[in-house]
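protein-v6.txt (compact mmCIF, C-alpha atoms and all ligand atoms) appears below.
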```txt
# COMPACT_ATOMS: atom_id res chain seq x y z
CA MET A 13 0.00 0.00 0.00
CA PHE A 14 2.72 2.38 1.06
CA PHE A 15 4.74 1.32 -1.97
CA TYR A 16 2.02 2.42 -4.43
CA TYR A 17 1.54 5.71 -2.65
CA TYR A 18 5.28 6.40 -2.76
CA ALA A 19 5.46 5.39 -6.44
CA ASP A 20 2.58 7.77 -7.26
CA ILE A 21 4.37 10.66 -5.61
CA LEU A 22 7.56 9.86 -7.50
CA TYR A 23 5.59 9.74 -10.76
CA MET A 24 3.95 13.10 -10.07
CA MET A 25 7.29 14.67 -9.19
CA ASP A 26 8.80 13.22 -12.33
CA LYS A 27 6.07 14.72 -14.52
CA ASN A 28 7.07 18.15 -13.32
CA ILE A 29 10.72 17.64 -14.18
CA ALA A 30 11.20 18.85 -17.73
CA ILE A 31 14.96 18.35 -18.03
CA SER A 32 17.07 16.05 -15.92
CA LEU A 33 20.85 15.59 -16.05
CA ASN A 34 22.41 12.82 -14.06
CA GLY A 35 26.21 12.82 -13.63
CA VAL A 36 26.85 14.22 -17.11
CA SER A 37 30.47 14.58 -18.20
CA LYS A 38 32.03 15.27 -21.59
CA LYS A 39 35.59 14.76 -22.73
CA PHE A 40 37.13 16.05 -25.95
CA ASN A 41 40.52 14.52 -26.83
CA ASN A 42 40.83 13.16 -23.29
CA LYS A 43 40.31 16.59 -21.78
CA ILE A 44 37.30 16.93 -19.47
CA ILE A 45 35.15 19.80 -20.72
CA ILE A 46 32.02 19.17 -18.61
CA HIS A 47 32.49 17.75 -15.11
CA ASN A 48 29.91 15.41 -13.56
CA THR A 49 26.87 17.70 -13.80
CA SER A 50 23.48 16.85 -12.31
CA LEU A 51 20.38 19.05 -12.62
CA ASP A 52 16.62 18.70 -12.30
CA LEU A 53 14.79 21.53 -14.02
CA PRO A 54 11.04 21.76 -13.34
CA ARG A 55 8.63 22.84 -16.05
CA GLY A 56 7.08 26.30 -16.27
CA LYS A 57 10.28 28.24 -15.65
CA ILE A 58 12.91 30.11 -17.66
CA PHE A 59 16.50 29.08 -16.90
CA THR A 60 19.58 30.85 -18.14
CA MET A 61 23.20 29.73 -18.19
CA ILE A 62 25.99 32.29 -18.31
CA GLY A 63 29.75 32.03 -18.07
CA PRO A 64 33.04 32.96 -19.74
CA ASN A 65 33.94 32.00 -23.32
CA GLY A 66 34.96 28.37 -23.49
CA ALA A 67 33.29 27.49 -20.15
CA GLY A 68 31.32 24.62 -21.74
CA LYS A 69 27.84 26.14 -22.13
CA THR A 70 27.37 25.21 -25.79
CA THR A 71 28.80 21.75 -25.16
CA LEU A 72 26.24 21.21 -22.39
CA ILE A 73 23.25 22.47 -24.40
CA LYS A 74 24.34 20.35 -27.42
CA MET A 75 24.30 17.27 -25.19
CA MET A 76 20.85 18.24 -23.89
CA VAL A 77 19.46 18.30 -27.44
CA GLY A 78 21.26 15.17 -28.61
CA LEU A 79 23.85 16.76 -30.92
CA LEU A 80 26.69 15.53 -28.70
CA THR A 81 26.75 12.33 -26.66
CA PRO A 82 27.85 12.55 -23.02
CA THR A 83 31.04 10.65 -22.18
CA SER A 84 29.23 9.51 -19.03
CA GLY A 85 25.90 10.14 -17.34
CA ASN A 86 22.48 10.59 -18.90
CA ILE A 87 20.02 13.32 -19.90
CA LYS A 88 16.24 12.94 -19.81
CA ILE A 89 13.62 15.13 -21.42
CA PHE A 90 10.33 14.54 -19.58
CA GLY A 91 11.67 11.13 -18.68
CA CYS A 92 12.90 10.24 -22.22
CA ASP A 93 16.60 9.51 -22.50
CA ILE A 94 17.97 11.75 -25.28
CA VAL A 95 20.53 9.12 -26.33
CA LYS A 96 18.35 6.00 -26.07
CA GLU A 97 14.99 7.47 -27.19
CA PRO A 98 16.04 10.42 -29.39
CA ILE A 99 12.94 10.56 -31.59
CA GLU A 100 10.52 10.59 -28.65
CA ALA A 101 12.66 13.09 -26.71
CA LYS A 102 13.05 15.44 -29.71
CA LYS A 103 9.28 15.74 -30.13
CA LYS A 104 9.19 17.53 -26.81
CA PHE A 105 11.56 20.43 -27.53
CA GLY A 106 12.68 23.01 -30.03
CA PHE A 107 16.31 24.12 -30.35
CA ILE A 108 17.89 27.30 -31.66
CA SER A 109 21.64 26.93 -32.07
CA ASP A 110 24.19 29.74 -31.78
CA ASP A 111 24.69 29.40 -35.53
CA PRO A 112 21.25 29.38 -37.12
CA SER A 113 22.52 27.97 -40.38
CA ALA A 114 19.62 27.28 -42.63
CA TYR A 115 19.05 26.06 -46.12
CA ASP A 116 20.03 29.08 -48.18
CA TYR A 117 18.12 28.04 -51.25
CA LEU A 118 14.80 27.72 -49.39
CA SER A 119 12.52 30.61 -48.56
CA GLY A 120 11.67 31.16 -44.90
CA LEU A 121 8.23 29.71 -45.52
CA GLU A 122 9.65 26.58 -47.17
CA PHE A 123 12.11 26.19 -44.30
CA LEU A 124 9.28 26.30 -41.75
CA ALA A 125 7.27 23.77 -43.78
CA LEU A 126 10.30 21.47 -44.03
CA THR A 127 10.94 21.71 -40.28
CA GLY A 128 7.30 20.85 -39.59
CA LYS A 129 7.55 17.80 -41.87
CA LEU A 130 10.75 16.64 -40.18
CA ARG A 131 8.88 16.92 -36.87
CA GLY A 132 6.26 14.55 -38.26
CA MET A 133 3.46 17.11 -38.67
CA GLU A 134 0.65 16.81 -41.24
CA GLU A 135 0.64 19.41 -44.03
CA LEU A 136 -2.63 21.04 -42.94
CA HIS A 137 -1.40 21.25 -39.37
CA ILE A 138 1.84 22.86 -40.60
CA SER A 139 0.08 25.59 -42.57
CA ASN A 140 -2.31 26.32 -39.68
CA ARG A 141 0.60 26.52 -37.30
CA ILE A 142 2.60 28.82 -39.63
CA ARG A 143 -0.44 31.11 -39.72
CA GLU A 144 -0.59 31.07 -35.90
CA ILE A 145 3.07 31.88 -35.30
CA GLY A 146 3.86 33.74 -38.54
CA ASP A 147 2.88 37.14 -37.21
CA ILE A 148 5.02 37.00 -34.06
CA PHE A 149 7.57 39.18 -35.86
CA PRO A 150 6.78 41.62 -38.67
CA LEU A 151 8.50 39.44 -41.30
CA ASP A 152 6.23 40.47 -44.18
CA ASP A 153 7.49 39.50 -47.58
CA ILE A 154 10.88 38.13 -46.50
CA LEU A 155 9.09 34.86 -45.72
CA TYR A 156 8.95 34.36 -49.49
CA GLN A 157 12.59 35.27 -50.21
CA PRO A 158 15.52 32.83 -50.27
CA MET A 159 17.18 32.64 -46.87
CA ALA A 160 20.56 33.31 -48.53
CA TYR A 161 19.57 37.00 -48.55
CA TYR A 162 18.44 37.15 -44.92
CA SER A 163 20.14 39.37 -42.35
CA ARG A 164 21.50 37.73 -39.16
CA GLY A 165 18.46 38.96 -37.22
CA SER A 166 15.97 37.60 -39.77
CA ARG A 167 17.67 34.19 -39.63
CA GLN A 168 17.32 34.27 -35.86
CA LYS A 169 13.60 35.08 -36.15
CA ILE A 170 13.00 32.19 -38.56
CA ALA A 171 15.03 29.94 -36.25
CA LEU A 172 12.69 30.83 -33.37
CA LEU A 173 9.57 30.19 -35.47
CA SER A 174 10.98 26.83 -36.64
CA ALA A 175 11.71 25.86 -33.02
CA LEU A 176 8.09 26.63 -32.11
CA ILE A 177 6.45 24.97 -35.11
CA HIS A 178 5.58 21.64 -33.46
CA ASN A 179 4.30 23.26 -30.27
CA PRO A 180 7.10 21.95 -28.06
CA LYS A 181 7.07 21.91 -24.27
CA ILE A 182 10.71 23.00 -23.96
CA LEU A 183 12.85 25.55 -25.81
CA PHE A 184 16.65 25.27 -25.79
CA ILE A 185 18.35 28.40 -27.10
CA ASP A 186 22.05 29.13 -27.46
CA GLU A 187 22.43 32.93 -27.64
CA PRO A 188 18.81 34.00 -28.22
CA ILE A 189 19.22 37.62 -29.19
CA VAL A 190 22.40 37.82 -31.27
CA GLY A 191 21.62 40.01 -34.28
CA LEU A 192 18.19 41.14 -33.10
CA ASP A 193 17.25 44.82 -33.03
CA PRO A 194 15.96 46.28 -29.72
CA ALA A 195 12.25 45.94 -30.60
CA SER A 196 12.76 42.33 -31.71
CA ILE A 197 14.69 41.54 -28.50
CA ASN A 198 11.66 42.64 -26.54
CA ILE A 199 9.29 40.60 -28.70
CA PHE A 200 11.58 37.58 -28.33
CA GLY A 201 11.65 37.95 -24.52
CA ASN A 202 7.89 38.29 -24.36
CA ILE A 203 7.45 35.15 -26.44
CA LEU A 204 9.51 33.32 -23.83
CA LEU A 205 7.28 34.70 -21.06
CA GLU A 206 4.16 33.64 -22.99
CA PHE A 207 5.68 30.19 -23.55
CA LYS A 208 6.31 29.90 -19.81
CA LYS A 209 2.72 30.95 -19.03
CA ASN A 210 1.58 27.87 -20.96
CA GLU A 211 3.70 25.60 -18.73
CA GLY A 212 6.65 25.74 -21.14
CA THR A 213 10.23 25.46 -19.95
CA VAL A 214 13.07 27.50 -21.45
CA PHE A 215 16.81 26.92 -21.08
CA PHE A 216 18.91 29.58 -22.75
CA VAL A 217 22.61 30.40 -22.82
CA THR A 218 23.65 34.02 -23.19
CA HIS A 219 26.30 36.68 -22.64
CA THR A 220 23.68 39.43 -22.44
CA LEU A 221 23.12 39.75 -18.71
CA SER A 222 20.38 42.39 -19.07
CA PHE A 223 18.28 40.00 -21.21
CA ALA A 224 18.78 37.18 -18.72
CA ASP A 225 17.93 39.55 -15.87
CA ASN A 226 14.72 40.66 -17.55
CA PHE A 227 13.39 37.32 -18.69
CA ALA A 228 14.91 34.41 -16.72
CA ASP A 229 13.78 33.10 -13.34
CA HIS A 230 16.90 31.20 -12.43
CA VAL A 231 20.58 31.38 -13.34
CA PHE A 232 23.36 28.82 -13.62
CA ILE A 233 26.89 30.15 -13.85
CA MET A 234 29.33 27.82 -15.55
CA ASN A 235 33.09 28.10 -15.39
CA ASN A 236 35.61 25.54 -16.65
CA GLY A 237 32.87 22.95 -17.13
CA ILE A 238 31.52 23.24 -13.58
CA ILE A 239 28.34 24.96 -12.40
CA ILE A 240 29.76 27.28 -9.77
CA LYS A 241 26.53 29.08 -8.91
CA ASP A 242 22.84 28.21 -9.15
CA GLN A 243 20.21 30.60 -7.85
CA PRO A 244 16.95 32.46 -8.54
CA ILE A 245 17.25 35.89 -10.16
CA SER A 246 15.72 39.03 -8.77
CA LYS A 247 15.66 42.00 -11.13
CA ASN A 248 18.97 43.72 -11.92
CA SER A 249 20.98 41.37 -9.74
CA LEU A 250 22.81 39.40 -12.38
CA ASP A 251 25.87 41.63 -12.88
CA ASP A 252 26.72 41.34 -9.18
CA ILE A 253 25.91 37.61 -8.97
CA TYR A 254 28.14 36.94 -11.99
CA MET A 255 31.12 39.00 -10.85
CA ASP A 256 30.92 37.65 -7.27
CA ALA A 257 30.74 34.04 -8.51
CA LEU A 258 33.79 34.44 -10.74
CA ASN A 259 35.78 36.29 -8.09
CA ASP A 260 34.95 33.68 -5.42
CA LYS A 261 35.91 30.70 -7.52
N1 LIG B 1 34.26 19.38 -31.04
C1 LIG B 1 35.16 19.80 -30.15
N2 LIG B 1 36.38 19.22 -30.10
C2 LIG B 1 37.32 19.60 -29.20
N3 LIG B 1 37.12 20.59 -28.29
C3 LIG B 1 35.92 21.21 -28.31
C4 LIG B 1 34.89 20.86 -29.23
N4 LIG B 1 33.82 21.64 -29.00
C5 LIG B 1 34.16 22.45 -27.99
N5 LIG B 1 35.41 22.20 -27.57
C6 LIG B 1 36.12 22.86 -26.46
O1 LIG B 1 35.27 22.77 -25.32
C7 LIG B 1 35.40 23.94 -24.54
C8 LIG B 1 34.03 24.52 -24.27
O2 LIG B 1 33.51 25.03 -25.48
P1 LIG B 1 32.02 25.59 -25.58
O3 LIG B 1 31.78 25.93 -27.00
O4 LIG B 1 31.11 24.62 -24.93
O5 LIG B 1 32.12 26.91 -24.68
P2 LIG B 1 31.05 28.07 -24.43
O6 LIG B 1 30.89 28.20 -22.96
O7 LIG B 1 29.83 27.82 -25.23
O8 LIG B 1 31.83 29.35 -24.99
P3 LIG B 1 31.27 30.69 -25.71
O9 LIG B 1 30.79 31.58 -24.61
O10 LIG B 1 32.49 31.25 -26.38
O11 LIG B 1 30.20 30.31 -26.68
C9 LIG B 1 36.33 24.90 -25.29
O12 LIG B 1 37.63 24.75 -24.75
C10 LIG B 1 36.30 24.35 -26.70
O13 LIG B 1 37.49 24.60 -27.38
MG MG B 2 28.88 28.85 -26.77
```
If you took the structure in this file and wrote it as structure tokens, what would it be?
Ligand SMILES: Nc1ncnc2c1ncn2[C@@H]1O[C@H](COP(=O)(O)OP(=O)(O)OP(=O)(O)O)[C@@H](O)[C@H]1O
Ligand SMILES: [Mg+2]
Amino acid sequence: MFFYYYADILYMMDKNIAISLNGVSKKFNNKIIIHNTSLDLPRGKIFTMIGPNGAGKTTLIKMMVGLLTPTSGNIKIFGCDIVKEPIEAKKKFGFISDDPSAYDYLSGLEFLALTGKLRGMEELHISNRIREIGDIFPLDDILYQPMAYYSRGSRQKIALLSALIHNPKILFIDEPIVGLDPASINIFGNILLEFKKNEGTVFFVTHTLSFADNFADHVFIMNNGIIIKDQPISKNSLDDIYMDALNDK
């Protein structure tokens, strides 16, 4: 009797954990880049990771989305192991990399349609969804132009739309606002807040402390492949938290 009750509680707790890392390490050429990292990130929150160049932030996020395999440990997305059940796990999130390389010969619209197809969506569902999310940014006619001619900011906007196309529960973003103009930065941040309102979870890596301050709930500071600080953010506190963490290390 007790056993079932305990199992139920564990199950309920598990359902609230969007992203779980258990003893994750990564070596490149025998050098340890990420050291034995464990995290449980509940859903409905915006997490940011900051840290010096080369700290290991991109390496960690690439392991979370299945682009790199951990040397040891495991990563679960709503309970699905990203290495053992990649297709199931990938249905649950969208990813925007720090290099939103896209297919230059496709128009933005074709790129969104292709992404939807790769996510296993039906054509009608894809066009409905493009209509829903297509007016997030004032993209106007560039949607019909080849992406080869897009500015950095426009590529970033299309990357965000493509990450949202299949209505994911989690967004992973490496450098969300590089190339965006001030109005678009604000729109981008508000989309993250809206996403969170609908029980979404966001994990983004950035060097722009003001953006993290404005839009994230919780910060992780990474240095030399180790999370040296992990705490909630209150407005305008991030500069001090960051400098203190790096000076204390
Ligand atoms: N494929 C790879 N092979 C070998 N070393 C790598 C590889 N990818 C990353 N590294 C090394 O891992 C370390 C962490 O790199 P990473 O890109 O994760 O840092 P970062 O925190 O994202 O830095 P930045 O803030 O500059 O984006 C660096 O020393 C980098 O040179
Ligand atoms: Mg990086």
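The coordinates place atom CA of A:Asn226 at 9.9 Å from atom CA of A:Asn202.
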Check: What gap, in Å, lies between atom CA of A:Phe216 and atom CA of A:Ile170?
Finding: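 Spanning atom CA of A:Phe216 to atom CA of A:Ile170 is a straight-line distance of 17.1 Å.
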Note to self: Please find the residues contacting ligand MG 2 (chain B) at a distance of at most 10 Å between atoms, with all atoms listed in the file counted, and report them as a list in words.
What the structure shows: Ile62, Gly63, Pro64, Asn65, Gly66, Ala67, Gly68, Lys69, Thr70, Thr71, Leu72, Ile73, Lys74, Ser109, Asp110, Asp111, Asp186, Glu187, Val217, Thr218 and His219 of chain A
Item checked: Nearest-residue call for ligand LIG 1 (chain B), choices A:Asp242, A:Gly165, A:Gly91, A:Thr220, using all atoms listed in the file ->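 The answer is A:Thr220, which sits nearest to ligand LIG 1 (chain B).
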Note to self: With distances taken over only C-alpha atoms, which residue among A:Asn28, A:Asn198, A:Asn86, A:Asn42 lies nearest A:Lys57?
What the structure shows: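 Checking each candidate against A:Lys57, we get A:Asn28 as the closest.
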Item checked: d(atom CA of A:Ile145, atom CA of A:Phe227) in Å ->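 Distance reported for this atom pair: 20.3 Å.
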Margin query: I need the residue nearest A:Met255 from this list: A:Ala171, A:Ile239, A:Met75, A:Ile233. Use only C-alpha atoms for the distance.
Written below: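 Distance minimum relative to A:Met255 lands on A:Ile233.
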Notebook entry, point to check: Of the residues A:Ser163, A:Ser174, A:Thr213, A:Asn248, which is the one nearest to A:Asp116, using only C-alpha atoms?
Noted result: A:Ser163
Margin query: as a list in words, please: the residues near A:Ile189 (cut-off 8 Å, only C-alpha atoms, same-chain neighbours under 4 positions excluded).
Written below: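 That gives Gln168, Ile197 and Phe200 of chain A.
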Can you build me a table of stretch 118-182 of chain A residues sitting at most 12 Å from stretch 203-211 of chain A, with the closest atom pair per residue and its distance in Å to one decimal, using all atoms listed in the file, sorted by chain and residue number, as a Markdown table?
```
| residue | atom | partner | partner_atom | distance |
| --- | --- | --- | --- | --- |
| A:Ile145 | CA | A:Ile203 | CA | 10.4 |
| A:Asp147 | CA | A:Ile203 | CA | 11.9 |
| A:Ile148 | CA | A:Ile203 | CA | 8.2 |
| A:Phe149 | CA | A:Ile203 | CA | 10.2 |
| A:Lys169 | CA | A:Ile203 | CA | 11.5 |
| A:Leu172 | CA | A:Ile203 | CA | 9.7 |
| A:Leu173 | CA | A:Ile203 | CA | 10.5 |
| A:Leu176 | CA | A:Phe207 | CA | 9.6 |
| A:Asn179 | CA | A:Phe207 | CA | 9.8 |
| A:Pro180 | CA | A:Phe207 | CA | 9.5 |
| A:Lys181 | CA | A:Glu211 | CA | 7.5 |
| A:Ile182 | CA | A:Phe207 | CA | 8.8 |
```
Could you write out that same residue set with C-alpha atoms as an mmCIF file, in the coordinates of the input?
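Here's the written file part-v5.cif:
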```cif
data_model
loop_
_atom_site.group_PDB
_atom_site.id
_atom_site.type_symbol
_atom_site.label_atom_id
_atom_site.label_comp_id
_atom_site.auth_asym_id
_atom_site.auth_seq_id
_atom_site.Cartn_x
_atom_site.Cartn_y
_atom_site.Cartn_z
ATOM 1 C CA ILE A 145 3.070 31.880 -35.300
ATOM 2 C CA ASP A 147 2.880 37.140 -37.210
ATOM 3 C CA ILE A 148 5.020 37.000 -34.060
ATOM 4 C CA PHE A 149 7.570 39.180 -35.860
ATOM 5 C CA LYS A 169 13.600 35.080 -36.150
ATOM 6 C CA LEU A 172 12.690 30.830 -33.370
ATOM 7 C CA LEU A 173 9.570 30.190 -35.470
ATOM 8 C CA LEU A 176 8.090 26.630 -32.110
ATOM 9 C CA ASN A 179 4.300 23.260 -30.270
ATOM 10 C CA PRO A 180 7.100 21.950 -28.060
ATOM 11 C CA LYS A 181 7.070 21.910 -24.270
ATOM 12 C CA ILE A 182 10.710 23.000 -23.960
#
```
Item checked: Nearest residue to A:Arg55 from the set A:Tyr115, A:Asn34, A:Phe215, A:Ser84 (distances using all atoms listed in the file) ->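 When distances to A:Arg55 are compared using all atoms listed in the file, the smallest one comes from A:Phe215.
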Size and centre in Å, one decimal, axis-aligned box, all listed ligand LIG 1 (chain B) atoms plus 3 Å per side, as AutoDock Vina command-line options:
```
--center_x 33.7 --center_y 25.4 --center_z -27.0 --size_x 13.8 --size_y 18.4 --size_z 14.1
```
Note to self: Quick one: residues within 10 Å of A:Arg167, all atoms listed in the file, excluding same-chain residues fewer than 6 positions away - as a list in words?
What the structure shows: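 Returned residues: Asp111, Pro112, Ser113, Ala114, Gly120, Met159, Ala160, Tyr161, Leu173, Gly191 and Leu192 of chain A.
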Generate the missing atoms of stretch 186-197 of chain A up to all heavy atoms and report them as a tab-separated table (two decimals), in the coordinates of the input.
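File produced: selection.tsv:
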```
chain	number	residue	atom	x	y	z
A	186	ASP	N	20.67	28.71	-27.69
A	186	ASP	CA	22.05	29.13	-27.46
A	186	ASP	C	22.18	30.53	-28.05
A	186	ASP	O	22.11	30.69	-29.26
A	186	ASP	CB	23.01	28.14	-28.15
A	186	ASP	CG	24.43	28.25	-27.63
A	186	ASP	OD1	24.72	29.19	-26.87
A	186	ASP	OD2	25.25	27.37	-27.99
A	187	GLU	N	22.33	31.52	-27.22
A	187	GLU	CA	22.43	32.93	-27.64
A	187	GLU	C	21.16	33.40	-28.35
A	187	GLU	O	21.15	33.55	-29.57
A	187	GLU	CB	23.64	33.13	-28.55
A	187	GLU	CG	24.97	32.99	-27.83
A	187	GLU	CD	25.21	34.08	-26.77
A	187	GLU	OE1	24.38	35.01	-26.67
A	187	GLU	OE2	26.20	33.96	-26.04
A	188	PRO	N	20.10	33.68	-27.60
A	188	PRO	CA	18.81	34.00	-28.22
A	188	PRO	C	18.77	35.29	-29.01
A	188	PRO	O	18.04	35.38	-29.99
A	188	PRO	CB	17.85	34.09	-27.03
A	188	PRO	CG	18.68	34.15	-25.81
A	188	PRO	CD	20.02	33.60	-26.14
A	189	ILE	N	19.53	36.31	-28.61
A	189	ILE	CA	19.22	37.62	-29.19
A	189	ILE	C	20.33	38.19	-30.07
A	189	ILE	O	20.26	39.34	-30.46
A	189	ILE	CB	18.87	38.64	-28.08
A	189	ILE	CG1	20.01	38.76	-27.07
A	189	ILE	CG2	17.58	38.24	-27.39
A	189	ILE	CD1	19.82	39.95	-26.15
A	190	VAL	N	21.32	37.33	-30.40
A	190	VAL	CA	22.40	37.82	-31.27
A	190	VAL	C	21.79	38.28	-32.60
A	190	VAL	O	21.05	37.54	-33.24
A	190	VAL	CB	23.45	36.73	-31.53
A	190	VAL	CG1	24.46	37.18	-32.56
A	190	VAL	CG2	24.15	36.38	-30.23
A	191	GLY	N	22.08	39.51	-32.98
A	191	GLY	CA	21.62	40.01	-34.28
A	191	GLY	C	20.24	40.65	-34.25
A	191	GLY	O	19.81	41.21	-35.25
A	192	LEU	N	19.54	40.57	-33.12
A	192	LEU	CA	18.19	41.14	-33.10
A	192	LEU	C	18.23	42.62	-32.73
A	192	LEU	O	19.03	43.04	-31.89
A	192	LEU	CB	17.31	40.41	-32.07
A	192	LEU	CG	16.98	38.94	-32.37
A	192	LEU	CD1	16.05	38.40	-31.29
A	192	LEU	CD2	16.33	38.79	-33.73
A	193	ASP	N	17.34	43.40	-33.38
A	193	ASP	CA	17.25	44.82	-33.03
A	193	ASP	C	16.48	44.96	-31.71
A	193	ASP	O	15.84	44.00	-31.26
A	193	ASP	CB	16.57	45.60	-34.17
A	193	ASP	CG	15.16	45.10	-34.41
A	193	ASP	OD1	14.29	45.29	-33.53
A	193	ASP	OD2	14.93	44.49	-35.48
A	194	PRO	N	16.55	46.15	-31.06
A	194	PRO	CA	15.96	46.28	-29.72
A	194	PRO	C	14.47	45.89	-29.65
A	194	PRO	O	14.05	45.23	-28.70
A	194	PRO	CB	16.16	47.76	-29.39
A	194	PRO	CG	17.38	48.14	-30.17
A	194	PRO	CD	17.32	47.34	-31.43
A	195	ALA	N	13.68	46.28	-30.66
A	195	ALA	CA	12.25	45.94	-30.60
A	195	ALA	C	12.08	44.43	-30.69
A	195	ALA	O	11.26	43.83	-29.96
A	195	ALA	CB	11.51	46.62	-31.74
A	196	SER	N	12.88	43.79	-31.54
A	196	SER	CA	12.76	42.33	-31.71
A	196	SER	C	13.23	41.59	-30.45
A	196	SER	O	12.70	40.52	-30.12
A	196	SER	CB	13.56	41.85	-32.91
A	196	SER	OG	13.14	42.53	-34.07
A	197	ILE	N	14.22	42.16	-29.75
A	197	ILE	CA	14.69	41.54	-28.50
A	197	ILE	C	13.53	41.47	-27.51
A	197	ILE	O	13.29	40.46	-26.86
A	197	ILE	CB	15.87	42.35	-27.89
A	197	ILE	CG1	17.11	42.17	-28.76
A	197	ILE	CG2	16.14	41.92	-26.45
A	197	ILE	CD1	18.29	43.02	-28.35
```
